[in-house]
file query.cif (mmCIF, C-alpha atoms)
data_entry
loop_
_atom_site.group_PDB
_atom_site.id
_atom_site.type_symbol
_atom_site.label_atom_id
_atom_site.label_comp_id
_atom_site.auth_asym_id
_atom_site.auth_seq_id
_atom_site.Cartn_x
_atom_site.Cartn_y
_atom_site.Cartn_z
ATOM 1 C CA MET A 1 0.000 0.000 0.000
ATOM 2 C CA LYS A 2 1.316 3.413 -0.899
ATOM 3 C CA HIS A 3 1.901 5.911 1.879
ATOM 4 C CA GLY A 4 -0.595 8.383 0.372
ATOM 5 C CA ASP A 5 -3.302 5.707 0.393
ATOM 6 C CA TRP A 6 -2.469 4.836 3.990
ATOM 7 C CA LEU A 7 -2.779 8.486 5.027
ATOM 8 C CA ARG A 8 -6.111 8.842 3.206
ATOM 9 C CA LEU A 9 -7.486 5.730 4.900
ATOM 10 C CA ARG A 10 -6.256 6.876 8.304
ATOM 11 C CA VAL A 11 -8.149 10.157 7.859
ATOM 12 C CA GLU A 12 -11.207 8.210 6.704
ATOM 13 C CA GLY A 13 -10.984 6.002 9.808
ATOM 14 C CA GLU A 14 -10.666 9.041 12.058
ATOM 15 C CA LYS A 15 -13.764 10.581 10.443
ATOM 16 C CA ILE A 16 -15.662 7.333 10.989
ATOM 17 C CA CYS A 17 -14.591 7.331 14.651
ATOM 18 C CA ALA A 18 -15.577 10.990 15.057
ATOM 19 C CA VAL A 19 -19.112 10.186 13.924
ATOM 20 C CA LEU A 20 -19.195 7.079 16.130
ATOM 21 C CA ARG A 21 -18.103 9.176 19.129
ATOM 22 C CA GLN A 22 -21.014 11.536 18.455
ATOM 23 C CA LYS A 23 -23.319 8.506 18.548
ATOM 24 C CA GLY A 24 -21.986 7.439 21.977
ATOM 25 C CA TYR A 25 -19.303 4.919 21.004
ATOM 26 C CA ASP A 26 -15.777 4.852 22.423
ATOM 27 C CA CYS A 27 -13.034 4.603 19.775
ATOM 28 C CA GLN A 28 -9.366 3.984 20.489
ATOM 29 C CA LYS A 29 -6.745 3.954 17.699
ATOM 30 C CA GLN A 30 -4.225 1.148 17.593
ATOM 31 C CA GLY A 31 -0.746 2.465 16.969
ATOM 32 C CA ARG A 32 0.770 2.082 13.493
ATOM 33 C CA ARG A 33 -2.238 0.183 12.147
ATOM 34 C CA LEU A 34 -5.410 1.022 10.277
ATOM 35 C CA SER A 35 -7.518 -0.299 13.138
ATOM 36 C CA TRP A 36 -9.539 1.062 16.036
ATOM 37 C CA TRP A 37 -11.169 -0.530 19.088
ATOM 38 C CA VAL A 38 -14.854 0.422 19.091
ATOM 39 C CA SER A 39 -17.150 -0.183 22.053
ATOM 40 C CA GLN A 40 -20.223 1.159 23.741
ATOM 41 C CA SER A 41 -20.900 0.989 27.461
ATOM 42 C CA GLY A 42 -22.388 -2.386 28.357
ATOM 43 C CA SER A 43 -21.666 -3.819 24.905
ATOM 44 C CA TYR A 44 -19.079 -5.921 23.126
ATOM 45 C CA CYS A 45 -15.759 -4.438 22.056
ATOM 46 C CA TYR A 46 -15.159 -4.661 18.307
ATOM 47 C CA ARG A 47 -12.151 -3.971 16.148
ATOM 48 C CA LEU A 48 -12.676 -1.780 13.090
ATOM 49 C CA ILE A 49 -9.933 -2.721 10.642
ATOM 50 C CA TYR A 50 -9.176 -1.962 7.003
ATOM 51 C CA PHE A 51 -8.140 -4.876 4.787
ATOM 52 C CA PRO A 52 -5.909 -3.513 1.994
ATOM 53 C CA ALA A 53 -5.844 -4.298 -1.715
ATOM 54 C CA PRO A 54 -7.140 -6.312 -3.391
ATOM 55 C CA VAL A 55 -9.913 -6.718 -0.799
ATOM 56 C CA GLU A 56 -10.294 -3.015 0.062
ATOM 57 C CA GLU A 57 -12.940 -3.137 2.749
ATOM 58 C CA TRP A 58 -13.585 -2.058 6.316
ATOM 59 C CA ARG A 59 -14.351 -4.972 8.647
ATOM 60 C CA LEU A 60 -15.676 -5.398 12.167
ATOM 61 C CA LEU A 61 -14.027 -8.221 14.086
ATOM 62 C CA PRO A 62 -14.982 -10.576 15.626
ATOM 63 C CA ASP A 63 -17.777 -11.860 13.407
ATOM 64 C CA ASN A 64 -20.690 -12.679 15.679
ATOM 65 C CA THR A 65 -24.467 -12.351 15.541
ATOM 66 C CA HIS A 66 -24.931 -9.979 18.460
ATOM 67 C CA PRO A 67 -27.496 -7.179 17.847
ATOM 68 C CA SER A 68 -24.949 -4.509 18.822
ATOM 69 C CA ARG A 69 -22.700 -5.621 15.938
ATOM 70 C CA LYS A 70 -25.595 -5.391 13.474
ATOM 71 C CA ARG A 71 -26.414 -1.867 14.677
ATOM 72 C CA LEU A 72 -22.768 -0.830 14.404
ATOM 73 C CA LEU A 73 -22.475 -2.295 10.874
ATOM 74 C CA SER A 74 -25.554 -0.455 9.656
ATOM 75 C CA LEU A 75 -24.194 2.759 11.172
ATOM 76 C CA LEU A 76 -20.831 2.184 9.450
ATOM 77 C CA LYS A 77 -22.558 1.727 6.092
ATOM 78 C CA GLN A 78 -24.447 4.991 6.537
ATOM 79 C CA ILE A 79 -21.248 6.824 7.484
ATOM 80 C CA LEU A 80 -19.266 5.457 4.523
ATOM 81 C CA GLU A 81 -22.048 6.159 2.041
ATOM 82 C CA SER A 82 -22.321 9.754 3.214
ATOM 83 C CA MET A 83 -18.528 10.249 3.222
ATOM 84 C CA ARG A 84 -17.824 8.756 -0.190
ATOM 85 C CA GLY A 85 -21.038 9.508 -2.001
ATOM 86 C CA GLU A 86 -20.977 5.939 -3.376
ATOM 87 C CA SER A 87 -23.372 3.097 -2.881
ATOM 88 C CA LEU A 88 -22.040 0.146 -0.938
ATOM 89 C CA ILE A 89 -22.821 -3.461 -1.673
ATOM 90 C CA GLY A 90 -25.784 -4.510 0.482
ATOM 91 C CA LEU A 91 -24.304 -6.997 2.931
ATOM 92 C CA ALA A 92 -25.539 -5.547 6.193
ATOM 93 C CA GLU A 93 -24.823 -8.564 8.367
ATOM 94 C CA ASP A 94 -21.411 -9.528 7.037
ATOM 95 C CA GLN A 95 -19.200 -6.780 5.701
ATOM 96 C CA VAL A 96 -18.799 -3.263 4.429
ATOM 97 C CA CYS A 97 -17.122 -3.441 1.046
ATOM 98 C CA LEU A 98 -16.824 -0.970 -1.776
ATOM 99 C CA SER A 99 -18.402 -1.599 -5.125
ATOM 100 C CA SER A 100 -15.768 -1.538 -7.830
ATOM 101 C CA GLY A 101 -15.737 -1.745 -11.589
ATOM 102 C CA GLU A 102 -15.137 -5.039 -13.352
ATOM 103 C CA ASP A 103 -11.843 -5.639 -15.123
ATOM 104 C CA ASP A 104 -11.641 -7.954 -18.169
ATOM 105 C CA SER A 105 -7.896 -8.534 -17.792
ATOM 106 C CA HIS A 106 -8.369 -10.220 -14.392
ATOM 107 C CA PRO A 107 -10.546 -13.326 -14.938
ATOM 108 C CA TRP A 108 -9.717 -15.154 -11.666
ATOM 109 C CA THR A 109 -12.245 -13.960 -9.121
ATOM 110 C CA ILE A 110 -12.586 -14.526 -5.391
ATOM 111 C CA VAL A 111 -16.199 -14.623 -4.290
ATOM 112 C CA ARG A 112 -17.529 -14.750 -0.779
ATOM 113 C CA LEU A 113 -20.346 -17.257 -0.355
ATOM 114 C CA LEU A 114 -23.248 -15.802 1.601
ATOM 115 C CA PRO A 115 -26.488 -17.256 2.970
ATOM 116 C CA ASP A 116 -29.422 -17.828 0.602
ATOM 117 C CA ALA A 117 -27.106 -18.693 -2.321
ATOM 118 C CA ARG A 118 -25.841 -15.116 -2.605
ATOM 119 C CA CYS A 119 -22.236 -14.180 -3.315
ATOM 120 C CA CYS A 120 -20.070 -11.068 -3.322
ATOM 121 C CA THR A 121 -17.055 -10.488 -5.541
ATOM 122 C CA VAL A 122 -14.161 -9.743 -3.227
ATOM 123 C CA ALA A 123 -11.208 -9.432 -5.611
ATOM 124 C CA ARG A 124 -10.037 -10.155 -9.156
ATOM 125 C CA PHE A 125 -6.643 -11.480 -10.283
ATOM 126 C CA CYS A 126 -4.844 -12.126 -13.541
ATOM 127 C CA ASN A 127 -3.607 -15.578 -12.423
ATOM 128 C CA ARG A 128 -4.906 -18.436 -10.291
ATOM 129 C CA GLN A 129 -1.924 -18.613 -7.920
ATOM 130 C CA ASP A 130 -2.404 -15.048 -6.681
ATOM 131 C CA ALA A 131 -6.093 -15.728 -6.127
ATOM 132 C CA ASP A 132 -5.353 -18.906 -4.138
ATOM 133 C CA ASP A 133 -2.789 -17.062 -2.007
ATOM 134 C CA GLN A 134 -5.314 -14.335 -1.217
ATOM 135 C CA VAL A 135 -7.975 -16.922 -0.281
ATOM 136 C CA ARG A 136 -5.544 -18.470 2.224
ATOM 137 C CA PHE A 137 -4.927 -15.012 3.686
ATOM 138 C CA LEU A 138 -8.646 -14.247 3.909
ATOM 139 C CA GLN A 139 -9.483 -17.574 5.543
ATOM 140 C CA ARG A 140 -6.838 -16.912 8.189
ATOM 141 C CA TYR A 141 -8.163 -13.442 9.079
ATOM 142 C CA VAL A 142 -11.880 -13.975 8.435
ATOM 143 C CA PRO A 143 -12.392 -17.533 9.698
ATOM 144 C CA GLY A 144 -16.194 -17.420 9.714
ATOM 145 C CA ALA A 145 -16.476 -16.674 5.989
ATOM 146 C CA LYS A 146 -16.362 -19.010 2.991
ATOM 147 C CA PHE A 147 -14.414 -17.931 -0.084
ATOM 148 C CA GLU A 148 -14.094 -19.599 -3.502
ATOM 149 C CA VAL A 149 -11.907 -18.934 -6.535
ATOM 150 C CA VAL A 150 -13.824 -18.930 -9.829
ATOM 151 C CA PHE A 151 -12.841 -18.267 -13.434
ATOM 152 C CA ASP A 152 -15.030 -15.467 -14.805
ATOM 153 C CA PRO A 153 -13.856 -14.318 -18.273
ATOM 154 C CA GLN A 154 -16.990 -12.136 -18.720
#
call {"tool": "encode", "arguments": {"input": "query.cif", "output": "structure tokens"}}
result
Amino acid sequence: MKHGDWLRLRVEGEKICAVLRQKGYDCQKQGRRLSWWVSQSGSYCYRLIYFPAPVEEWRLLPDNTHPSRKRLLSLLKQILESMRGESLIGLAEDQVCLSSGEDDSHPWTIVRLLPDARCCTVARFCNRQDADDQVRFLQRYVPGAKFEVVFDPQ
């Protein structure tokens, strides 16, 4: 990741935390990382973290089904949509990921398998080995999710 991108994302994370603080959440930055501890009194403590390219998404860890996590995710989607002026892919219970344009030169695609036979394109690669490496990385850091590599020449 380039330093300019890192600085932009750090500012974006600070803006997200500023809005969360206005809503009554406590946010604490982790040093030298694009991650913050987010909690509310009497609630779970979550970690807001940015996964860099090619995933490019903000995540809340750990993945659980607690109602406070669902409220926080919906609030994060509202904040990001208002900040960026873009629509986000509608995955309220699982992730907050940016919609991106499709690229014909990268046919190997990682998709995240979701309930009800839905899927979300996570990343695209020009070769299979890079896609497999990224799936191993994702399964290590997002253990509750299921990812598959598919060939999608469009």
call {"tool": "residues_around", "arguments": {"input": "query.cif", "residues": "Tyr50 in chain A", "least_positions_apart": "4", "cutoff": "7 Å", "atoms": "all atoms listed in the file", "output": "PDB file with C-alpha atoms, in the coordinates of the input"}}
result
ATOM      1  CA  LEU A  34      -5.410   1.022  10.277  1.00  0.00           C
ATOM      2  CA  SER A  35      -7.518  -0.299  13.138  1.00  0.00           C
ATOM      3  CA  GLU A  57     -12.940  -3.137   2.749  1.00  0.00           C
ATOM      4  CA  TRP A  58     -13.585  -2.058   6.316  1.00  0.00           C
ATOM      5  CA  ARG A  59     -14.351  -4.972   8.647  1.00  0.00           C
TER       6      ARG A  59
END
call {"tool": "atom_distance", "arguments": {"input": "query.cif", "atom1": "CA of Ala145 in chain A", "atom2": "CA of Trp108 in chain A"}}
result
19.0 Å
call {"tool": "resolve_selection", "arguments": {"input": "query.cif", "expression": "the PyMOL selection byres ((chain A and resi 110-122) around 6)", "output": "PDB file with C-alpha atoms, in the coordinates of the input"}}
result
ATOM      1  CA  VAL A  55      -9.913  -6.718  -0.799  1.00  0.00           C
ATOM      2  CA  THR A 109     -12.245 -13.960  -9.121  1.00  0.00           C
ATOM      3  CA  ALA A 123     -11.208  -9.432  -5.611  1.00  0.00           C
ATOM      4  CA  LYS A 146     -16.362 -19.010   2.991  1.00  0.00           C
ATOM      5  CA  PHE A 147     -14.414 -17.931  -0.084  1.00  0.00           C
ATOM      6  CA  GLU A 148     -14.094 -19.599  -3.502  1.00  0.00           C
ATOM      7  CA  VAL A 149     -11.907 -18.934  -6.535  1.00  0.00           C
TER       8      VAL A 149
END
call {"tool": "residues_around", "arguments": {"input": "query.cif", "residues": "Glu12 in chain A", "least_positions_apart": "3", "cutoff": "12 Å", "atoms": "only C-alpha atoms", "output": "PyMOL selection string"}}
result
chain A and resi 5-9+15-19+34-36+48-50+58+76+79-84
call {"tool": "closest_residue", "arguments": {"input": "query.cif", "among": "A:Leu61, A:Gly13, A:Ser41, A:Tyr46", "to": "Pro143 in chain A", "atoms": "all atoms listed in the file"}}
result
A:Leu61
call {"tool": "atom_distance", "arguments": {"input": "query.cif", "atom1": "CA of Gln28 in chain A", "atom2": "CA of Gln40 in chain A"}}
result
11.7 Å
call {"tool": "atom_distance", "arguments": {"input": "query.cif", "atom1": "CA of Lys23 in chain A", "atom2": "CA of Ser74 in chain A"}}
result
12.8 Å
call {"tool": "resolve_selection", "arguments": {"input": "query.cif", "expression": "the PyMOL selection byres ((chain A and resi 25) around 8)", "output": "list in words"}}
result
Leu20, Arg21, Gln22, Lys23, Gly24, Asp26, Cys27, Val38, Ser39, Gln40 and Ser41 of chain A
call {"tool": "closest_residue", "arguments": {"input": "query.cif", "among": "A:Arg69, A:Lys2, A:His106, A:Arg136", "to": "Pro52 in chain A", "atoms": "all atoms listed in the file"}}
result
A:Lys2
call {"tool": "resolve_selection", "arguments": {"input": "query.cif", "expression": "the PyMOL selection byres ((chain A and resi 128) around 10)", "output": "PyMOL selection string"}}
result
chain A and resi 106-110+124-127+129-134+149-151
call {"tool": "decode", "arguments": {"input": "query.cif", "residues": "range 39-55 of chain A", "atoms": "N, CA and C atoms", "output": "CSV table (one decimal), in the first residue's frame"}}
result
chain,number,residue,atom,x,y,z
A,39,SER,N,-16.3,0.4,21.1
A,39,SER,CA,-17.2,-0.2,22.1
A,39,SER,C,-18.2,0.8,22.5
A,40,GLN,N,-19.2,0.3,23.1
A,40,GLN,CA,-20.2,1.2,23.7
A,40,GLN,C,-20.5,0.6,25.1
A,41,SER,N,-20.8,1.5,26.1
A,41,SER,CA,-20.9,1.0,27.5
A,41,SER,C,-21.9,-0.1,27.5
A,42,GLY,N,-21.5,-1.2,28.2
A,42,GLY,CA,-22.4,-2.4,28.4
A,42,GLY,C,-22.5,-3.2,27.1
A,43,SER,N,-21.6,-3.1,26.2
A,43,SER,CA,-21.7,-3.8,24.9
A,43,SER,C,-20.3,-4.5,24.6
A,44,TYR,N,-20.3,-5.3,23.6
A,44,TYR,CA,-19.1,-5.9,23.1
A,44,TYR,C,-18.1,-4.9,22.6
A,45,CYS,N,-16.8,-5.3,22.6
A,45,CYS,CA,-15.8,-4.4,22.1
A,45,CYS,C,-15.4,-5.0,20.7
A,46,TYR,N,-15.5,-4.2,19.7
A,46,TYR,CA,-15.2,-4.7,18.3
A,46,TYR,C,-13.9,-4.0,17.8
A,47,ARG,N,-13.3,-4.6,16.8
A,47,ARG,CA,-12.2,-4.0,16.1
A,47,ARG,C,-12.5,-3.6,14.7
A,48,LEU,N,-12.5,-2.3,14.4
A,48,LEU,CA,-12.7,-1.8,13.1
A,48,LEU,C,-11.3,-1.8,12.4
A,49,ILE,N,-11.2,-2.6,11.3
A,49,ILE,CA,-9.9,-2.7,10.6
A,49,ILE,C,-10.1,-2.6,9.1
A,50,TYR,N,-9.1,-2.1,8.5
A,50,TYR,CA,-9.2,-2.0,7.0
A,50,TYR,C,-8.3,-3.1,6.4
A,51,PHE,N,-8.9,-3.9,5.5
A,51,PHE,CA,-8.1,-4.9,4.8
A,51,PHE,C,-7.7,-4.2,3.5
A,52,PRO,N,-6.4,-4.2,3.2
A,52,PRO,CA,-5.9,-3.5,2.0
A,52,PRO,C,-6.2,-4.3,0.7
A,53,ALA,N,-5.7,-3.7,-0.4
A,53,ALA,CA,-5.8,-4.3,-1.7
A,53,ALA,C,-5.4,-5.7,-1.7
A,54,PRO,N,-6.1,-6.6,-2.5
A,54,PRO,CA,-7.1,-6.3,-3.4
A,54,PRO,C,-8.5,-6.4,-2.7
A,55,VAL,N,-8.6,-6.6,-1.4
A,55,VAL,CA,-9.9,-6.7,-0.8
A,55,VAL,C,-10.6,-5.4,-0.7
